[in-house]
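Enquirer: Before we start, here is the structure in question, set down as structure tokens.
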Amino acid sequence: MPLTSETLETQPVMRFPDAAAVRLGGVLGEALAANLRGRLSHFIVDETSPAIALFAPDVVAHNHAGDWYGEHAGKWLVAATRAAVRADDAELLSHVRRVADYLVDLQGADGYLGNYAPDRRFMHQQPPKPQSWDGAPAERTWDIWTHSYLILGLVELHRHVGEDRYLAAARRIGDLCWRTLTEGGIDITDLGNHFGLSATVLIDPAIELYFATGDQPYLDLALLVLEQAEREPRNALLSAALAGADPSEIATGKAYQLLWNLVGIAKLYRATGEPRFLTAVRNLWSAVRAHHLTLGGGPWGGVAHRSREVFNPGHVFSPQGYVETCSTMAWVQLNRELFAILGDADFAQEIERSAYNDLLGAQAPNGEDWCYYSFPNGRRTHTTYWRCCKSSGAMALEELPGLAYSLTRDGGIAINLFGPSEADLVLPSTGAVRIEQQTGYPFDGAVAITVTPGAIASFPIDLRVPDWAEGASLRLNGAEHIPVAQPGRYVRIERVWQSGDVIALDLPMSPVLHRAIARNVQESFAPDGELIAQEVMHADYLAVSRGPLVYATDLIDGFKVEETLRFGSDGTDAPLDCVPAADGGPGPDILLRPEGRPAIAFQPYYRAGGRRDRSWRLTWMTLAPE
């Protein structure tokens, strides 16, 4: 019998339930329902769907040009499997199995399951080309990238349906990768652009194979990939992270690939307990959180870069920066891994912030269309058929049900994401427990949590109190309010629970103003040798949030893409009023009242502009210079 992940991993602080155990309502539930009836039910149906037809032998034989299109198969297998299981959708699951069976039947005897012609496959050294800006040392290839997602998709399906043929196909891919990087003498960094980052993502699926099988060679494969990445000086991800490098300084700073590599290294820590792996991941997580996220929680970059998808230097701010939806997915996954390992509220907070803002803000109501790029200030644009972010957004949404609740190492339950929901959980020592949230969250901070154990039992429940919830309080079964000492942490309630116990959590949701500065400083030496720093550009910005939601407005006065606001002070006490939503949606709009002009109405960012293609969202307002 293979070892289970429980016996392989460094014992995590948090364990996540199966997606079928949790049902999300509210705006997250609406997004998941749209995901299922839209993207996941229509993009791929069977082997004739364009994203799967790419793997047909007659097509593969002539595919000599590099592209990423093959990734959609593995991404869809992951997301559609989870959606089918959580929604008990037999039709969707039958589509998943049909597609997986088709792909497995196409797999070569050597384990190859990609969509490249024989002479362009990753097992063969590709002809060199002049080094390009994206760090591609040879003709561009996404072959390892596609196989990485196929491993994840096949392992996910095996996890839920238990058929060995899916895991066996994933193992054959892993075995082929091992032979290529050892007997074949090929270096992983020669197989992907961004100085190897697009190929070193193999760390993650290699570790998933190890968790699924218990076979040491897959752990060895992950370690070998990391070792080869270290030998590429412009990558050297692990040592750079340990030395305190900013993410923008590693390889090309490509956000999506870099974050996915960190997901794999976090899993390496779970598999080995090696402290430097966790230290490296935490270092870069801290840098991303401090310097590289929008107000809505999306990793952003693209200011003055050839690529819109790379991190800027840490000191750069621009309201027109790019958020790639793929990067938001990878950021959610990285926080998932760190939360499982450490259990800190900060990681759950980042998942919630990203989910309610930049992730929901990229999805169209039909569940099929997505934004490739989102901007704090910019036009919403639904992307084209093949773009990666449509599949990444669908995957990211399917992470959320399993993250809303978790089981703690000491036999309790943690409530991580707020919103209408139900969860049927099983505790090792006390058995079944149902948790229900009745709430208007994220628009209303009153959260009623009903606890229904199968039998009277004693266990702890941890509630995350968001860091913005100053003055939060809770009460149990209508008793006196209990103040929460410190927002941004979990509050533990440990007692003997019985059916019908209700925790009432009150999270104040006053509007909050945020400030940001875009500036440029030039340094030079005076004749006497003194270093002089001269500020040559300075612009102050103001934005609004309420609870977990960032707010934005449409075009100012119906036509202006920016506006300079003036207040009697520096704007920190600008007057804000909550008013009924003009679009009839849940929660209030917020009126900002500057001097000398009519009030400006802000809506939650995710639905500002009516979620229409080509509509505008403006989060940051320029403040008049002092």
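We label chains A, B, ... in the order they appear in the structure tokens, count residues from 1 in each chain, and number ligands from 1 in the order shown.
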Can you list every residue in segment 315-360 of chain A that DSSP puts in alpha helix (DSSP H), as a list of chain:residue names?
Expert: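 Taking segment 315-360 of chain A and keeping alpha helix (DSSP H) gives A:Thr325, A:Cys326, A:Ser327, A:Thr328, A:Met329, A:Ala330, A:Trp331, A:Val332, A:Gln333, A:Leu334, A:Asn335, A:Arg336, A:Glu337, A:Leu338, A:Phe339, A:Ala340, A:Ile341, A:Leu342, A:Ala345, A:Asp346, A:Phe347, A:Ala348, A:Gln349, A:Glu350, A:Ile351, A:Glu352, A:Arg353, A:Ser354.
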Enquirer: Can you list every residue of segment 482-575 of chain A that has an atom at most 10 Å from segment 432-435 of chain A, with its nearest atom pair and the distance in Å to one decimal, using only C-alpha atoms, ordered by chain then number, as a Markdown table?
Expert:
```
| residue | atom | partner | partner_atom | distance |
| --- | --- | --- | --- | --- |
| A:Trp497 | CA | A:Val433 | CA | 9.7 |
| A:Gln498 | CA | A:Val433 | CA | 9.9 |
| A:Ser499 | CA | A:Arg434 | CA | 9.2 |
| A:Val502 | CA | A:Ile435 | CA | 9.8 |
```
Enquirer: Can I get the selected residues back with N, CA and C atoms, as a PDB file, in the first residue's frame?
Expert:
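Written out: again27.pdb:
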```
ATOM      1  N   TRP A 497     -19.859  21.431  23.252  1.00  0.00           N
ATOM      2  CA  TRP A 497     -20.832  21.917  22.284  1.00  0.00           C
ATOM      3  C   TRP A 497     -22.015  20.960  22.206  1.00  0.00           C
ATOM      4  N   GLN A 498     -23.187  21.562  22.002  1.00  0.00           N
ATOM      5  CA  GLN A 498     -24.374  20.755  21.773  1.00  0.00           C
ATOM      6  C   GLN A 498     -25.198  21.375  20.657  1.00  0.00           C
ATOM      7  N   SER A 499     -26.096  20.609  20.112  1.00  0.00           N
ATOM      8  CA  SER A 499     -26.870  21.033  18.960  1.00  0.00           C
ATOM      9  C   SER A 499     -27.569  22.363  19.237  1.00  0.00           C
ATOM     10  N   VAL A 502     -25.022  28.764  19.188  1.00  0.00           N
ATOM     11  CA  VAL A 502     -24.830  29.819  18.188  1.00  0.00           C
ATOM     12  C   VAL A 502     -23.772  30.805  18.672  1.00  0.00           C
TER      13      VAL A 502
END
```
Enquirer: When you look at Asn366 of chain A with a cut-off of 12 Å (counting only C-alpha atoms), what residues show up, excluding the ones that are within fewer than 6 positions of it in the same chain? I need them as an mmCIF file with N, CA, C and O atoms, in the first residue's frame.
Expert:
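The new file selection-v9.cif reads:
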```cif
data_model
loop_
_atom_site.group_PDB
_atom_site.id
_atom_site.type_symbol
_atom_site.label_atom_id
_atom_site.label_comp_id
_atom_site.auth_asym_id
_atom_site.auth_seq_id
_atom_site.Cartn_x
_atom_site.Cartn_y
_atom_site.Cartn_z
ATOM 1 N N GLU A 30 -22.211 32.256 -5.668
ATOM 2 C CA GLU A 30 -22.671 32.644 -7.006
ATOM 3 C C GLU A 30 -21.543 32.499 -8.029
ATOM 4 O O GLU A 30 -21.767 32.045 -9.160
ATOM 5 N N ALA A 31 -20.335 32.883 -7.635
ATOM 6 C CA ALA A 31 -19.193 32.758 -8.554
ATOM 7 C C ALA A 31 -18.894 31.300 -8.854
ATOM 8 O O ALA A 31 -18.585 30.935 -9.997
ATOM 9 N N LEU A 32 -18.990 30.433 -7.844
ATOM 10 C CA LEU A 32 -18.754 29.004 -8.056
ATOM 11 C C LEU A 32 -19.830 28.388 -8.946
ATOM 12 O O LEU A 32 -19.530 27.563 -9.823
ATOM 13 N N ALA A 33 -21.082 28.786 -8.736
ATOM 14 C CA ALA A 33 -22.159 28.264 -9.576
ATOM 15 C C ALA A 33 -21.965 28.694 -11.023
ATOM 16 O O ALA A 33 -22.158 27.907 -11.961
ATOM 17 N N ALA A 34 -21.564 29.952 -11.226
ATOM 18 C CA ALA A 34 -21.297 30.428 -12.590
ATOM 19 C C ALA A 34 -20.111 29.696 -13.194
ATOM 20 O O ALA A 34 -20.101 29.379 -14.397
ATOM 21 N N ASN A 35 -19.110 29.408 -12.394
ATOM 22 C CA ASN A 35 -17.928 28.676 -12.855
ATOM 23 C C ASN A 35 -18.325 27.310 -13.401
ATOM 24 O O ASN A 35 -17.869 26.876 -14.462
ATOM 25 N N LEU A 36 -19.207 26.627 -12.668
ATOM 26 C CA LEU A 36 -19.611 25.292 -13.070
ATOM 27 C C LEU A 36 -20.464 25.323 -14.338
ATOM 28 O O LEU A 36 -20.217 24.582 -15.293
ATOM 29 N N ARG A 37 -21.480 26.190 -14.355
ATOM 30 C CA ARG A 37 -22.380 26.188 -15.517
ATOM 31 C C ARG A 37 -21.760 26.879 -16.731
ATOM 32 O O ARG A 37 -22.229 26.692 -17.853
ATOM 33 N N GLY A 38 -20.691 27.655 -16.513
ATOM 34 C CA GLY A 38 -20.041 28.364 -17.597
ATOM 35 C C GLY A 38 -18.785 27.661 -18.053
ATOM 36 O O GLY A 38 -18.831 26.682 -18.804
ATOM 37 N N ARG A 39 -17.649 28.138 -17.589
ATOM 38 C CA ARG A 39 -16.349 27.657 -18.063
ATOM 39 C C ARG A 39 -16.198 26.139 -17.979
ATOM 40 O O ARG A 39 -15.830 25.473 -18.947
ATOM 41 N N LEU A 40 -16.499 25.570 -16.828
ATOM 42 C CA LEU A 40 -16.154 24.172 -16.600
ATOM 43 C C LEU A 40 -17.063 23.213 -17.349
ATOM 44 O O LEU A 40 -16.660 22.085 -17.657
ATOM 45 N N SER A 41 -18.281 23.628 -17.658
ATOM 46 C CA SER A 41 -19.209 22.746 -18.358
ATOM 47 C C SER A 41 -19.148 22.876 -19.873
ATOM 48 O O SER A 41 -19.678 22.012 -20.580
ATOM 49 N N HIS A 42 -18.510 23.933 -20.386
ATOM 50 C CA HIS A 42 -18.570 24.185 -21.821
ATOM 51 C C HIS A 42 -17.204 24.265 -22.506
ATOM 52 O O HIS A 42 -17.089 23.905 -23.680
ATOM 53 N N HIS A 382 -12.487 41.547 -21.204
ATOM 54 C CA HIS A 382 -12.612 40.091 -21.198
ATOM 55 C C HIS A 382 -11.710 39.512 -22.279
ATOM 56 O O HIS A 382 -11.771 39.924 -23.434
ATOM 57 N N ARG A 611 -19.749 45.016 -14.189
ATOM 58 C CA ARG A 611 -19.064 43.796 -14.609
ATOM 59 C C ARG A 611 -19.151 43.597 -16.122
ATOM 60 O O ARG A 611 -19.058 42.488 -16.636
ATOM 61 N N ARG A 612 -19.321 44.693 -16.844
ATOM 62 C CA ARG A 612 -19.424 44.639 -18.306
ATOM 63 C C ARG A 612 -18.047 44.737 -18.943
ATOM 64 O O ARG A 612 -17.178 45.472 -18.465
ATOM 65 N N ASP A 613 -17.881 44.010 -20.043
ATOM 66 C CA ASP A 613 -16.669 44.140 -20.837
ATOM 67 C C ASP A 613 -16.515 45.587 -21.292
ATOM 68 O O ASP A 613 -17.479 46.238 -21.700
#
```
Enquirer: Show which residues sit within 12 Å of segment 322-325 of chain A, as a VMD selection string. Count only C-alpha atoms, and ignore same-chain residues fewer than 6 positions away.
Expert: chain A and resid 254 to 257 292 to 305 307 to 312 331 to 332 354 to 355 357 to 363 370 to 380 382 to 383 387 to 397
Enquirer: I want to know what sits within 7 Å of Pro466 of chain A, based on only C-alpha atoms, with residues of the same chain fewer than 5 positions away left out; could you give that as a list in words?
Expert: Gln349, Pro487 and Gly488 of chain A
Enquirer: Hey, which of A:Asp589, A:Asp501, A:Asp577, A:Glu530 ends up closest to Tyr551 of chain A? Count only C-alpha atoms.
Expert: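 Closest residue, counting only C-alpha atoms: A:Asp589.
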Enquirer: Please provide the set of residues having any atom within 10 Å of Gly610 of chain A, restricted to only C-alpha atoms, with same-chain residues fewer than 6 positions apart removed, written as a CSV table (one decimal) with N, CA, C and O atoms, in the first residue's frame.
Expert:
```
chain,number,residue,atom,x,y,z
A,364,ALA,N,-16.5,37.3,-15.2
A,364,ALA,CA,-17.7,37.9,-15.7
A,364,ALA,C,-18.9,37.1,-15.1
A,364,ALA,O,-18.7,35.9,-14.7
A,365,PRO,N,-20.1,37.7,-15.0
A,365,PRO,CA,-21.2,36.9,-14.4
A,365,PRO,C,-21.6,35.6,-15.1
A,365,PRO,O,-22.2,34.7,-14.5
A,554,ASP,N,-16.8,54.2,-11.5
A,554,ASP,CA,-16.7,54.2,-13.0
A,554,ASP,C,-16.0,55.5,-13.4
A,554,ASP,O,-15.5,56.2,-12.6
A,583,ASP,N,-27.0,50.2,-8.0
A,583,ASP,CA,-27.3,49.1,-8.9
A,583,ASP,C,-28.3,48.1,-8.3
A,583,ASP,O,-28.6,47.1,-8.9
A,603,GLN,N,-18.5,51.8,-5.7
A,603,GLN,CA,-19.1,50.5,-5.5
A,603,GLN,C,-18.0,49.5,-5.1
A,603,GLN,O,-16.8,49.7,-5.4
A,616,TRP,N,-15.1,50.7,-17.0
A,616,TRP,CA,-14.0,51.2,-16.3
A,616,TRP,C,-14.1,51.1,-14.8
A,616,TRP,O,-15.2,51.1,-14.3
A,617,ARG,N,-13.0,50.9,-14.1
A,617,ARG,CA,-12.9,50.9,-12.7
A,617,ARG,C,-11.8,51.7,-12.2
A,617,ARG,O,-10.7,51.5,-12.7
```
Enquirer: Suppose you want the space between atom CA of Ile482 of chain A and atom CA of Tyr405 of chain A; what is it in Å?
Expert: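 Interatomic distance here is 22.6 Å.
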Enquirer: Show which residues sit within 12 Å of Glu163 of chain A, as a PyMOL selection string. Count only C-alpha atoms, and ignore same-chain residues fewer than 5 positions away.
Expert: chain A and resi 97+100-101+154-158+168-169
Enquirer: Using DSSP on the backbone coordinates, identify all residues within segment 330-550 of chain A classified as strand (DSSP E); present the result as a VMD selection string.
Expert: chain A and resid 373 to 374 377 to 379 405 to 408 413 to 415 421 to 427 431 to 439 446 to 453 457 to 464 473 to 476 482 to 483 490 to 497 501 to 506 511 to 525 531 to 546 549 to 550
Enquirer: Go through A:Leu507, A:Ala19, A:Leu28, A:Ala599 one by one, measure the shortest atom-to-atom distance of each to Ala80 of chain A using only C-alpha atoms, and give the residue with the smallest value.
Expert: A:Ala19
Enquirer: Pick the closest to Tyr166 of chain A from A:Tyr102, A:Phe567, A:Tyr541, A:Tyr116: which is it, counting only C-alpha atoms?
Expert: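 The answer is A:Tyr102, which sits nearest to Tyr166 of chain A.
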Enquirer: Nearest to Val544 of chain A: which of A:Val201, A:Ala504, A:Met621, A:Ala206 is it, counting only C-alpha atoms?
Expert: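 That would be A:Met621, the residue with the smallest distance to Val544 of chain A.
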Enquirer: What gap, in Å, lies between atom CA of Trp76 of chain A and atom CA of Val263 of chain A?
Expert: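 Computing the Euclidean distance for atom CA of Trp76 of chain A and atom CA of Val263 of chain A yields 19.2 Å.
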Enquirer: Nearest to Asp467 of chain A among A:Asp557, A:Glu337, A:Glu350, A:Glu535, with distances taken over only C-alpha atoms: which residue is it?
Expert: A:Glu350
